[in-house]
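Pasted below: final14.txt, compact mmCIF, C-alpha atoms (C1' of nucleotides).
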```
# COMPACT_ATOMS: atom_id res chain seq x y z
CA MET C 1 0.00 0.00 0.00
CA THR C 2 1.86 3.05 -1.29
CA GLY C 3 1.07 6.70 -0.75
CA GLN C 4 -0.73 7.05 -4.05
CA ARG C 5 -2.84 3.95 -3.46
CA ARG C 6 -3.79 5.11 0.00
CA ALA C 7 -4.75 8.56 -1.37
CA VAL C 8 -6.89 7.04 -4.11
CA TYR C 9 -8.57 4.71 -1.63
CA ASP C 10 -9.21 7.57 0.79
CA VAL C 11 -10.88 9.62 -1.95
CA LEU C 12 -13.18 6.70 -2.72
CA MET C 13 -14.05 6.20 0.94
CA GLY C 14 -14.50 9.93 1.42
CA GLU C 15 -17.12 10.60 -1.19
CA ARG C 16 -19.03 7.48 -2.02
CA ASN C 17 -20.58 8.91 -5.16
CA HIS C 18 -19.16 6.30 -7.50
CA PRO C 19 -16.66 8.70 -9.09
CA THR C 20 -15.00 8.09 -12.44
CA ALA C 21 -11.25 7.72 -12.76
CA VAL C 22 -10.96 11.35 -13.85
CA GLU C 23 -13.03 12.53 -10.89
CA VAL C 24 -10.80 10.55 -8.54
CA PHE C 25 -7.80 12.03 -10.34
CA THR C 26 -8.81 15.66 -9.84
CA LYS C 27 -9.79 14.99 -6.21
CA VAL C 28 -6.61 13.12 -5.35
CA ARG C 29 -4.46 15.87 -6.80
CA GLY C 30 -5.34 17.84 -3.68
CA GLN C 31 -3.39 15.31 -1.65
CA VAL C 32 -0.72 14.19 -4.13
CA PRO C 33 -0.30 17.18 -6.45
CA ASN C 34 1.75 15.54 -9.18
CA ILE C 35 0.07 12.16 -9.42
CA SER C 36 -0.66 11.15 -13.01
CA LEU C 37 -3.91 9.87 -14.44
CA ALA C 38 -2.23 6.64 -15.46
CA THR C 39 -1.21 6.08 -11.86
CA VAL C 40 -4.77 6.64 -10.71
CA TYR C 41 -5.85 3.98 -13.19
CA ASN C 42 -3.12 1.68 -11.90
CA CYS C 43 -4.09 2.24 -8.29
CA LEU C 44 -7.76 1.66 -9.02
CA GLU C 45 -6.85 -1.56 -10.78
CA THR C 46 -4.69 -2.89 -7.95
CA LEU C 47 -7.35 -1.93 -5.42
CA THR C 48 -9.99 -3.82 -7.38
CA ASP C 49 -7.61 -6.76 -7.75
CA CYS C 50 -7.16 -6.77 -3.96
CA GLY C 51 -10.93 -6.75 -3.59
CA LEU C 52 -11.05 -3.44 -1.75
CA VAL C 53 -12.94 -1.68 -4.50
CA LYS C 54 -15.50 -2.67 -7.08
CA ILE C 55 -15.57 -1.34 -10.60
CA VAL C 56 -19.00 -0.50 -11.95
CA THR C 57 -19.67 0.02 -15.62
CA HIS C 58 -22.85 1.35 -17.14
CA GLU C 59 -23.68 1.44 -20.82
CA ARG C 60 -20.90 3.22 -22.68
CA GLY C 61 -20.07 5.67 -19.93
CA PRO C 62 -16.75 5.82 -18.09
CA SER C 63 -16.11 3.21 -15.40
CA ARG C 64 -16.96 4.20 -11.87
CA TYR C 65 -15.47 2.93 -8.64
CA CYS C 66 -17.23 1.84 -5.49
CA PRO C 67 -15.74 0.92 -2.10
CA ASN C 68 -18.96 -0.76 -0.90
CA LEU C 69 -18.04 -4.42 -0.67
CA GLU C 70 -21.52 -5.64 0.22
CA ASP C 71 -23.36 -7.49 -2.53
CA HIS C 72 -25.52 -4.81 -4.12
CA ALA C 73 -26.97 -3.48 -7.35
CA HIS C 74 -26.75 0.06 -8.74
CA PHE C 75 -29.34 2.59 -9.69
CA PHE C 76 -28.52 5.24 -12.29
CA CYS C 77 -30.74 8.29 -12.58
CA ASP C 78 -31.27 9.07 -16.26
CA THR C 79 -31.88 12.73 -15.48
CA CYS C 80 -29.12 13.80 -13.09
CA GLY C 81 -26.74 10.87 -13.57
CA GLU C 82 -26.52 10.13 -9.87
CA VAL C 83 -25.60 6.59 -8.88
CA SER C 84 -26.80 4.86 -5.73
CA ASP C 85 -26.50 1.44 -4.15
CA LEU C 86 -29.40 -0.96 -3.82
CA PRO C 87 -28.74 -3.69 -1.24
CA LEU C 88 -29.47 -7.33 -1.92
CA ARG C 89 -32.47 -8.52 0.09
CA ALA C 90 -31.78 -11.02 2.83
CA ARG C 91 -31.65 -14.66 1.72
CA LYS C 92 -32.20 -13.77 -1.93
CA ARG C 93 -30.03 -14.59 -4.89
CA PRO C 94 -30.13 -13.34 -8.48
CA GLN C 95 -30.68 -16.95 -9.55
CA ASP C 96 -34.10 -16.74 -7.92
CA VAL C 97 -35.21 -14.34 -10.62
CA TRP C 98 -33.37 -15.52 -13.71
CA GLU C 99 -33.12 -19.10 -14.92
CA VAL C 100 -29.48 -20.07 -14.68
CA PRO C 101 -28.78 -23.55 -16.08
CA ALA C 102 -27.40 -25.83 -13.36
CA ASN C 103 -24.25 -26.66 -15.30
CA ILE C 104 -22.94 -23.11 -15.53
CA THR C 105 -20.99 -21.66 -12.62
CA ILE C 106 -21.51 -18.02 -11.70
CA SER C 107 -18.57 -16.10 -10.29
CA HIS C 108 -19.88 -12.53 -10.50
CA HIS C 109 -22.97 -10.60 -11.33
CA GLN C 110 -23.56 -6.96 -12.12
CA VAL C 111 -27.01 -5.47 -11.92
CA ALA C 112 -27.95 -2.00 -13.05
CA PHE C 113 -31.28 -0.25 -12.81
CA ARG C 114 -32.12 2.90 -14.70
CA GLY C 115 -34.90 5.37 -14.06
CA GLU C 116 -35.62 8.58 -12.23
CA CYS C 117 -34.49 9.41 -8.74
CA PRO C 118 -36.87 11.03 -6.21
CA LYS C 119 -35.09 14.38 -6.41
CA CYS C 120 -35.53 14.65 -10.17
CA ALA C 121 -39.13 13.45 -10.01
CA LYS C 122 -39.91 16.20 -7.51
CA LYS C 123 -38.18 18.83 -9.63
CA LYS C 124 -40.20 17.80 -12.67
CA ASN C 125 -43.45 18.02 -10.71
CA LEU C 126 -42.64 21.53 -9.53
CA LYS C 127 -42.00 22.59 -13.11
CA SER C 128 -45.26 21.21 -14.46
CA GLU C 129 -47.14 22.84 -11.58
CA ALA C 130 -45.56 26.17 -12.48
CA ARG C 131 -46.66 25.68 -16.09
CA ASN C 132 -50.22 24.97 -14.98
CA LEU C 133 -50.37 28.12 -12.86
CA LYS C 134 -49.05 30.19 -15.74
CA SER C 135 -51.58 28.87 -18.26
CA LYS C 136 -54.54 29.78 -16.01
CA MET N 1 -36.66 0.25 -43.30
CA THR N 2 -33.92 0.58 -45.89
CA GLY N 3 -31.82 -2.10 -47.51
CA GLN N 4 -28.93 -1.61 -45.13
CA ARG N 5 -31.15 -1.72 -42.06
CA ARG N 6 -32.86 -4.88 -43.25
CA ALA N 7 -29.46 -6.49 -43.90
CA VAL N 8 -28.17 -5.55 -40.44
CA TYR N 9 -31.34 -6.84 -38.81
CA ASP N 10 -31.18 -10.08 -40.79
CA VAL N 11 -27.62 -10.70 -39.65
CA LEU N 12 -28.70 -10.25 -36.03
CA MET N 13 -31.66 -12.59 -36.44
CA GLY N 14 -29.51 -15.08 -38.33
CA GLU N 15 -26.82 -15.67 -35.77
CA ARG N 16 -28.04 -14.83 -32.32
CA ASN N 17 -24.58 -14.82 -30.79
CA HIS N 18 -24.73 -11.24 -29.57
CA PRO N 19 -22.28 -9.98 -32.17
CA THR N 20 -20.38 -6.73 -31.85
CA ALA N 21 -20.82 -3.91 -34.38
CA VAL N 22 -17.64 -5.01 -36.16
CA GLU N 23 -18.82 -8.61 -36.35
CA VAL N 24 -22.13 -7.45 -37.81
CA PHE N 25 -20.18 -5.26 -40.21
CA THR N 26 -18.02 -8.08 -41.61
CA LYS N 27 -21.04 -10.38 -41.83
CA VAL N 28 -23.29 -7.86 -43.53
CA ARG N 29 -20.64 -7.06 -46.13
CA GLY N 30 -21.53 -10.42 -47.66
CA GLN N 31 -24.96 -8.96 -48.50
CA VAL N 32 -24.16 -5.27 -49.00
CA PRO N 33 -20.51 -5.23 -50.08
CA ASN N 34 -19.84 -1.52 -49.74
CA ILE N 35 -21.67 -0.74 -46.53
CA SER N 36 -19.57 1.28 -44.12
CA LEU N 37 -18.99 0.63 -40.44
CA ALA N 38 -20.55 3.98 -39.56
CA THR N 39 -23.71 2.92 -41.36
CA VAL N 40 -23.79 -0.31 -39.40
CA TYR N 41 -23.57 1.75 -36.22
CA ASN N 42 -26.35 3.99 -37.49
CA CYS N 43 -28.56 1.06 -38.39
CA LEU N 44 -27.98 -0.60 -35.05
CA GLU N 45 -28.89 2.64 -33.34
CA THR N 46 -32.10 3.16 -35.27
CA LEU N 47 -33.05 -0.48 -34.72
CA THR N 48 -32.53 -0.12 -30.98
CA ASP N 49 -34.48 3.16 -31.03
CA CYS N 50 -37.34 1.34 -32.75
CA GLY N 51 -37.19 -1.32 -30.06
CA LEU N 52 -36.36 -4.15 -32.46
CA VAL N 53 -32.94 -4.76 -30.99
CA LYS N 54 -31.38 -4.46 -27.57
CA ILE N 55 -27.88 -3.22 -26.95
CA VAL N 56 -25.93 -5.12 -24.34
CA THR N 57 -22.78 -3.77 -22.79
CA HIS N 58 -20.41 -5.69 -20.57
CA GLU N 59 -17.53 -4.22 -18.63
CA ARG N 60 -15.30 -2.28 -21.01
CA GLY N 61 -15.83 -4.54 -24.00
CA PRO N 62 -17.47 -3.49 -27.22
CA SER N 63 -21.27 -3.23 -27.28
CA ARG N 64 -23.13 -6.27 -28.46
CA TYR N 65 -26.53 -6.47 -30.09
CA CYS N 66 -29.38 -8.81 -29.31
CA PRO N 67 -32.69 -9.25 -31.16
CA ASN N 68 -34.29 -11.17 -28.27
CA LEU N 69 -36.99 -8.81 -27.05
CA GLU N 70 -38.04 -10.94 -24.07
CA ASP N 71 -36.99 -9.67 -20.66
CA HIS N 72 -33.79 -11.55 -19.95
CA ALA N 73 -30.33 -11.39 -18.40
CA HIS N 74 -27.01 -12.27 -20.01
CA PHE N 75 -24.33 -14.73 -19.12
CA PHE N 76 -20.74 -14.10 -20.24
CA CYS N 77 -18.25 -16.94 -20.15
CA ASP N 78 -14.95 -15.61 -18.83
CA THR N 79 -13.03 -18.31 -20.68
CA CYS N 80 -14.43 -18.38 -24.22
CA GLY N 81 -16.30 -15.06 -24.20
CA GLU N 82 -19.56 -16.63 -25.32
CA VAL N 83 -22.74 -14.78 -24.42
CA SER N 84 -26.07 -16.44 -23.73
CA ASP N 85 -29.53 -15.38 -22.66
CA LEU N 86 -31.02 -16.25 -19.27
CA PRO N 87 -34.80 -15.85 -19.22
CA LEU N 88 -36.61 -14.10 -16.41
CA ARG N 89 -38.54 -16.58 -14.28
CA ALA N 90 -42.30 -16.38 -14.43
CA ARG N 91 -43.90 -13.82 -12.12
CA LYS N 92 -40.52 -12.63 -10.84
CA ARG N 93 -39.12 -9.13 -10.88
CA PRO N 94 -35.62 -7.85 -10.13
CA GLN N 95 -37.13 -5.78 -7.34
CA ASP N 96 -37.84 -9.03 -5.51
CA VAL N 97 -34.11 -9.50 -4.99
CA TRP N 98 -32.80 -5.97 -4.55
CA GLU N 99 -34.29 -3.31 -2.30
CA VAL N 100 -35.54 -0.55 -4.54
CA PRO N 101 -36.86 2.46 -2.59
CA ALA N 102 -40.54 3.03 -3.34
CA ASN N 103 -40.01 6.60 -4.50
CA ILE N 104 -37.69 5.78 -7.38
CA THR N 105 -39.12 4.73 -10.71
CA ILE N 106 -37.36 2.01 -12.70
CA SER N 107 -37.51 2.19 -16.48
CA HIS N 108 -34.84 -0.35 -17.43
CA HIS N 109 -32.57 -2.92 -15.91
CA GLN N 110 -29.54 -4.70 -17.21
CA VAL N 111 -28.26 -7.85 -15.56
CA ALA N 112 -25.02 -9.60 -16.36
CA PHE N 113 -23.65 -12.82 -14.94
CA ARG N 114 -20.07 -13.91 -15.36
CA GLY N 115 -18.59 -17.34 -14.89
CA GLU N 116 -17.72 -20.48 -16.79
CA CYS N 117 -19.90 -22.11 -19.41
CA PRO N 118 -20.41 -25.91 -19.46
CA LYS N 119 -18.27 -26.32 -22.55
CA CYS N 120 -15.24 -24.63 -20.98
CA ALA N 121 -15.72 -26.49 -17.69
CA LYS N 122 -15.65 -29.79 -19.57
CA LYS N 123 -12.55 -28.80 -21.52
CA LYS N 124 -10.74 -27.90 -18.31
CA ASN N 125 -11.65 -31.24 -16.73
CA LEU N 126 -10.29 -33.14 -19.72
CA LYS N 127 -7.02 -31.24 -19.45
CA SER N 128 -6.55 -31.92 -15.74
CA GLU N 129 -7.35 -35.62 -16.32
CA ALA N 130 -4.67 -35.76 -18.99
CA ARG N 131 -2.23 -34.19 -16.55
CA ASN N 132 -3.08 -36.76 -13.91
CA LEU N 133 -2.51 -39.65 -16.34
CA LYS N 134 0.85 -38.24 -17.35
CA SER N 135 2.10 -37.78 -13.77
CA LYS N 136 1.40 -41.43 -12.92
C1' DA F 1 26.23 2.27 4.07
C1' DA F 2 26.72 0.82 -0.74
C1' DC F 3 24.80 -2.33 -4.16
C1' DT F 4 21.29 -4.96 -6.50
C1' DT F 5 16.87 -6.06 -7.83
C1' DA F 6 12.16 -5.34 -8.30
C1' DA F 7 8.12 -2.67 -8.20
C1' DA F 8 5.75 1.80 -8.76
C1' DT F 9 5.33 6.17 -10.94
C1' DA F 10 4.95 10.31 -14.30
C1' DG F 11 4.38 11.61 -18.67
C1' DG F 12 3.11 10.96 -22.97
C1' DA F 13 2.04 8.06 -27.02
C1' DA F 14 -0.91 4.55 -28.78
C1' DT F 15 -5.17 1.88 -29.06
C1' DT F 16 -9.98 0.83 -29.12
C1' DG F 17 -14.69 1.47 -29.80
C1' DT F 18 -17.74 4.88 -31.10
C1' DT F 19 -19.48 9.28 -32.82
C1' DC F 20 -19.31 13.25 -35.79
C1' DT F 21 -18.80 15.70 -40.19
C1' DT F 22 -19.08 16.29 -44.96
C1' DG F 23 -20.41 15.69 -49.40
C1' DA F 24 -22.80 12.50 -52.36
C1' DT F 25 -26.91 9.74 -53.27
C1' DA F 26 -31.46 8.28 -53.16
C1' DA F 27 -36.49 8.54 -51.95
C1' DG F 28 -40.84 10.79 -51.44
C1' DG F 29 -44.00 14.64 -51.97
C1' DT F 30 -45.88 18.39 -54.80
C1' DA H 1 -39.13 17.20 -63.15
C1' DC H 2 -38.07 19.87 -58.91
C1' DC H 3 -37.59 20.42 -54.16
C1' DT H 4 -37.02 18.63 -49.59
C1' DT H 5 -35.49 15.41 -46.49
C1' DA H 6 -33.29 11.36 -44.97
C1' DT H 7 -29.67 8.07 -45.67
C1' DC H 8 -25.24 6.71 -46.78
C1' DA H 9 -19.83 6.11 -47.30
C1' DA H 10 -15.61 7.60 -46.03
C1' DG H 11 -12.69 9.22 -43.09
C1' DA H 12 -11.59 12.47 -39.27
C1' DA H 13 -12.34 13.31 -34.46
C1' DC H 14 -13.19 11.91 -29.87
C1' DA H 15 -13.19 9.84 -25.16
C1' DA H 16 -11.76 6.42 -22.11
C1' DT H 17 -8.34 3.48 -21.27
C1' DT H 18 -4.03 1.02 -21.85
C1' DC H 19 0.68 0.70 -23.07
C1' DC H 20 5.51 2.23 -23.13
C1' DT H 21 9.74 4.10 -21.41
C1' DA H 22 12.65 6.43 -18.50
C1' DT H 23 12.86 7.67 -13.53
C1' DT H 24 12.11 7.17 -8.90
C1' DT H 25 11.39 4.68 -4.90
C1' DA H 26 11.51 0.80 -1.88
C1' DA H 27 13.30 -3.59 -0.16
C1' DG H 28 16.51 -6.81 0.48
C1' DT H 29 21.70 -8.25 0.46
C1' DT H 30 26.15 -8.09 1.25
```
When written as structure tokens, how does the structure in this file appear?
Amino acid sequence: MTGQRRAVYDVLMGERNHPTAVEVFTKVRGQVPNISLATVYNCLETLTDCGLVKIVTHERGPSRYCPNLEDHAHFFCDTCGEVSDLPLRARKRPQDVWEVPANITISHHQVAFRGECPKCAKKKNLKSEARNLKSK
Amino acid sequence: MTGQRRAVYDVLMGERNHPTAVEVFTKVRGQVPNISLATVYNCLETLTDCGLVKIVTHERGPSRYCPNLEDHAHFFCDTCGEVSDLPLRARKRPQDVWEVPANITISHHQVAFRGECPKCAKKKNLKSEARNLKSK
DNA sequence: AACTTAAATAGGAATTGTTCTTGATAAGGT
DNA sequence: ACCTTATCAAGAACAATTCCTATTTAAGTT
């Protein structure tokens, strides 16, 4: 665990917003001013290899990094882009919902939900209310 | 529905191996010899916009395209890279397994499993058997 | 402490998959 | 036939990531 790796890990633990590599990079520059982006990528890779961090990909967007080691899914708000964790329910397994043939072995799963977060839904409602008032 | 779009769609329906854009491109050149890769991308995009095709992304790999419109997950073999469909079980929803707060609305979900397919598991067993025979 | 070896880093170049731009071509409406 | 609009091919541009190389740092040995 080198200085750079520690700094990268601390940034991830600090703001658990599933930052991209570039976001981690700009943040970590505060601590280690001349760290390079390639090093951030390297650190993120070694941290994921050690199992301290999970990498989460979504559609074609940049990879994001998550220090939550619990088994969980992710929710991506289509409007504001925010990412949040959805915990696995107790005593449930993904195999309960999808038919996985018995002869294939599962080592990982990645589950992503997309939709609208409460904040954005509220904002939209306020806007349409304003429109209604105006049109009267 | 133009000639190019039809050709792209036919390739997808023909071999349902979740091909990448480049794989579709090389295949479709058999039908439309001077189609360009950009056009294949365009066709794939319009087809997905129409809802005839689903785009499936996995980690940082190239996007793959799938004409199976049923609600299903995907399984990716880490060894051979093969992709296969896993149907949703009857009367089950992803929300049954992950805790989705009531105030967020889900519009899509994408579920990916990783592991080893039966074919690769068998191959590996054969190899280790051969090793055992040799060492005797 | 000096020496050796191995791993980690900064910086930049290269790669990959995808999107954008431009001009040419074709299709449909009047 | 003419005008309008959409589609297409070709290649340039782009974004995210990986690779490369020379340095730096750390760890272990004498």
Could the residues of chain C within 9 Å of chain H, counting all atoms listed in the file, be given as JSON, numbers by chain, please? {"C": [38, 41, 61, 62, 63]}
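If all atoms listed in the file are the atoms counted, then among N:Arg29, N:Lys54, N:His72, N:Arg60 the closest residue to chain F is N:Arg60.
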Closest-contact table, chain F side, partner chain N, 9 Å, counting all atoms listed in the file, as JSON lines:
```
{"residue": "F:DT16", "atom": "C1'", "partner": "N:Pro62", "partner_atom": "CA", "distance": 8.9}
{"residue": "F:DG17", "atom": "C1'", "partner": "N:Pro62", "partner_atom": "CA", "distance": 6.2}
{"residue": "F:DT18", "atom": "C1'", "partner": "N:Tyr41", "partner_atom": "CA", "distance": 8.4}
{"residue": "F:DT19", "atom": "C1'", "partner": "N:Ala38", "partner_atom": "CA", "distance": 8.6}
```
As a PyMOL selection string, could you give me every residue of chain C near chain N (at most 12 Å apart, counting all atoms listed in the file)? chain C and resi 54-64+71-79+84-122
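The coordinates place C1' of DG12 (chain F) at 25.3 Å from CA of Val11 (chain C).
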Go ahead and compute the interatomic distance for C1' of DT5 (chain F) and CA of Leu44 (chain C), in Å to one decimal. 25.8 Å
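The two atoms in question, CA of Tyr65 (chain C) and CA of Gly81 (chain C), are spaced 14.6 Å apart.
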